[in-house]
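Visitor: Below you will find the structure I want to go over with you.
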Amino acid sequence: MATMQEAIELRTAGLPEEAKEILLGLLAQSPDDPEILYQLAWVHDLMGLEGEAVPYYEKAISSGLKNPERCGALLGLGSTYRTLGMYDKSKGILEQGLQEYPEAREFNVFYAMTLHNLGQYDKAMALLLKEIGETSNDEGIKSYQKAIAFYSDKLDQIWK
């Protein structure tokens, strides 16, 4: 029987259908295994089957998925909710991820996308500008890092 590692290698190699088949076989033997569920969610997302990915993400998280996979599952679920137009659910999951993994800056980027979808443009832009200012290696961005940080939450302010 094929293994989880083989499925991961197939997914990584751009063969998600083959990975999915292995993972479904593994899931039949261990229906509550959070790692299998997470890998299935990931494969479904890769295949553009976001709606089918959601229950796998949800069950992986509720079944006690451990780190570092838990971090990826929260981000994946939040992003997938957003792509499905489930903005409030996306916001809630991404906020949970931000709380649990404050060092995982990728949550801020996906959270900003969700805030944009919710019409909170000022908060979304502030988050993105902060991330760009703090993480960019571009010399031009670095030279204006303080200005970018300063203006990030003052975009609508008019200076006289």
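Following the order of the structure tokens, chains are lettered A, B, ..., residues in each are numbered from 1, and ligands are numbered from 1.
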Could you write out, as a PyMOL selection string, all the residues of chain A that DSSP marks as alpha helix (DSSP H)?

Guide: chain A and resi 4-12+16-29+34-46+50-62+69-83+87-100+106-117+121-135+139-143+145-151

Visitor: Write out as a list in words the residues lying within 9 Å of Leu74 of chain A, counting only C-alpha atoms and excluding same-chain residues fewer than 2 positions away.

Guide: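 So the residues in contact are Tyr57, Glu58, Ile61, Glu69, Arg70, Cys71, Gly72, Gly76, Leu77, Gly78, Ser79, Ile93, Leu94, Gln96 and Gly97 of chain A.
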
Visitor: Quick one, how far is atom CA of Met125 of chain A from atom CA of Glu100 of chain A?

Guide: 22.6 Å

Visitor: Go through segment 28-126 of chain A and flag each residue having an atom no more than 12 Å from segment 147-152 of chain A; for those, report the closest pair of atoms plus their distance in Å to one decimal, using only C-alpha atoms, ordered by chain and rising number, as JSON lines.

Guide:
```
{"residue": "A:Tyr121", "atom": "CA", "partner": "A:Ser152", "partner_atom": "CA", "distance": 11.7}
{"residue": "A:Asp122", "atom": "CA", "partner": "A:Ser152", "partner_atom": "CA", "distance": 8.7}
{"residue": "A:Lys123", "atom": "CA", "partner": "A:Ser152", "partner_atom": "CA", "distance": 9.0}
{"residue": "A:Ala124", "atom": "CA", "partner": "A:Ser152", "partner_atom": "CA", "distance": 9.8}
{"residue": "A:Met125", "atom": "CA", "partner": "A:Ser152", "partner_atom": "CA", "distance": 7.0}
{"residue": "A:Ala126", "atom": "CA", "partner": "A:Ser152", "partner_atom": "CA", "distance": 4.5}
```

Visitor: Leaving out Ala2 of chain A and any residue of its chain fewer than 6 positions from it, which residues lie within 9 Å of it when counting only C-alpha atoms, given as a list of chain:residue names?

Guide: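 Residues near the query, excluding close chain neighbours: A:Ile22, A:Leu23, A:Gly25, A:Leu26.
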